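Q: I have a structure here, written as structure tokens, and I will follow up with some questions on it.
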Amino acid sequence: MKQFFILVILSSVMALVGSLIAPRLMAQVIDEKLQPASLMISGAYIRTMPPGQKVTAAFLTVSNMEESDCQILSATSPLTKRIEFHQHQHVDGLMRMRQMKSVLIAAGETVVFKPGAFHIMFFNMDNPLMDGDKTEVTLQTDECGDYSAELDVRSLVKPKMMDHH
Ligand SMILES: [Cu+2]
């Protein structure tokens, strides 16, 4: 908060000086200095697919460090061109998935994409994913910039479940 306040004062002073000397140049410099990394992404992973399946999901945590809202509008990946944001919902006792055109990460909030809730759905996956590999996803936002995150590839099948008792 204190830092923000100093920046506000500093930018006002610079804006004032700038308006006297070289308005356009000063404005550019100020914009760059005030551009913070608004979103923080952590814990990103994508699940392997059972043989023959071409759909999977990725999960991650997005924190908004900014004082204004951010909308995630789309995601891109080297793995496929078709990626959607989904939300799970209970409808008449059944779990349904609903596509979200965008995902709001409100100012100061953290949104967790996790199984049974928000998830990033990858379609038309032509190549299998190998447990332990790494890939990446890039999230595009309205006014908060683009963010690339490394995705750990994790197997859906846990070794324990393969034991027969
Ligand atoms: Cu889904």
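Residues are named by chain letter and number: chains run A, B, ... in the order of the structure tokens, numbers start at 1 in each chain, and ligands are numbered from 1 in the order shown.
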Would you mind listing what lies within 9 Å of Pro50 in chain A as a ChimeraX atom specification, with only C-alpha atoms counted and same-chain residues fewer than 2 positions away left out?

A: /A:48,52-54,128,156-157

Q: Set the cut-off to 6 Å, count only C-alpha atoms and all ligand atoms, and list whatever residues fall near ligand 1 as a compact mmCIF listing (two decimals) with N, CA and C atoms, in the first residue's frame.

A:
```txt
# COMPACT_ATOMS: atom_id res chain seq x y z
N HIS A 86 -14.04 -24.76 -18.35
CA HIS A 86 -15.27 -25.42 -17.91
C HIS A 86 -15.47 -25.26 -16.42
N MET A 97 -20.77 -30.49 -16.98
CA MET A 97 -19.75 -29.48 -17.26
C MET A 97 -20.38 -28.36 -18.07
N MET A 121 -10.11 -27.43 -20.25
CA MET A 121 -10.33 -28.65 -21.02
C MET A 121 -9.56 -28.61 -22.34
```

Q: Would you work out the distance separating CA of Ser148 in chain A from CA of Tyr45 in chain A, expressed in Å to one decimal?

A: 12.6 Å

Q: Write down as a ChimeraX atom specification the residues belonging to range 36-97 of chain A that are assigned strand (DSSP E) by DSSP computed on the backbone.

A: /A:39-47,56-64,70-76,83-91,94-97

Q: Excluding Asn124 in chain A and any residue of its chain fewer than 5 positions from it, enumerate the residues within 10 Å of it, using only C-alpha atoms, and give them as a list in words.

A: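 Skipping anything fewer than 5 positions along the chain leaves Gln53, Lys54, Val55, Thr56, Leu79, Thr80, Lys81, Arg82 and Ile83 of chain A.
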
Q: Keeping only N, CA and C atoms, take the residues you just selected and write them out as a tab-separated table (two decimals), in the first residue's frame.

A:
```tsv
chain	number	residue	atom	x	y	z
A	53	GLN	N	-8.29	-42.05	-25.55
A	53	GLN	CA	-9.04	-40.82	-25.24
A	53	GLN	C	-8.28	-39.59	-25.73
A	54	LYS	N	-9.03	-38.62	-26.24
A	54	LYS	CA	-8.39	-37.44	-26.82
A	54	LYS	C	-8.74	-36.16	-26.07
A	55	VAL	N	-9.29	-36.33	-24.88
A	55	VAL	CA	-9.69	-35.18	-24.09
A	55	VAL	C	-9.05	-35.28	-22.71
A	56	THR	N	-8.56	-34.14	-22.23
A	56	THR	CA	-8.03	-34.14	-20.87
A	56	THR	C	-8.22	-32.75	-20.26
A	79	LEU	N	-0.12	-28.15	-27.60
A	79	LEU	CA	-0.71	-29.49	-27.68
A	79	LEU	C	-1.95	-29.56	-28.56
A	80	THR	N	-2.76	-28.51	-28.55
A	80	THR	CA	-4.01	-28.51	-29.31
A	80	THR	C	-4.50	-27.09	-29.53
A	81	LYS	N	-5.35	-26.94	-30.54
A	81	LYS	CA	-5.90	-25.61	-30.82
A	81	LYS	C	-7.20	-25.39	-30.05
A	82	ARG	N	-7.82	-26.50	-29.60
A	82	ARG	CA	-9.13	-26.34	-28.95
A	82	ARG	C	-9.02	-26.50	-27.43
A	83	ILE	N	-9.09	-25.39	-26.76
A	83	ILE	CA	-9.04	-25.38	-25.30
A	83	ILE	C	-10.23	-24.56	-24.78
```

Q: Select, from A:Met65, A:Cys144, A:Met49, A:Ala44, the residue with the minimum atom-to-atom distance to Asn127 in chain A, counting only C-alpha atoms.

A: A:Met49

Q: Please provide the set of residues having any atom within 12 Å of Tyr147 in chain A, restricted to only C-alpha atoms, with same-chain residues fewer than 6 positions apart removed, written as a PyMOL selection string.

A: chain A and resi 37-42+62-63+72-77+136-141

Q: Between A:Ser102, A:Glu150, A:His88, A:Glu67, which residue has the minimum interatomic distance to His119 in chain A, considering only C-alpha atoms?

A: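 For His119 in chain A, the nearest of the candidates is A:His88.
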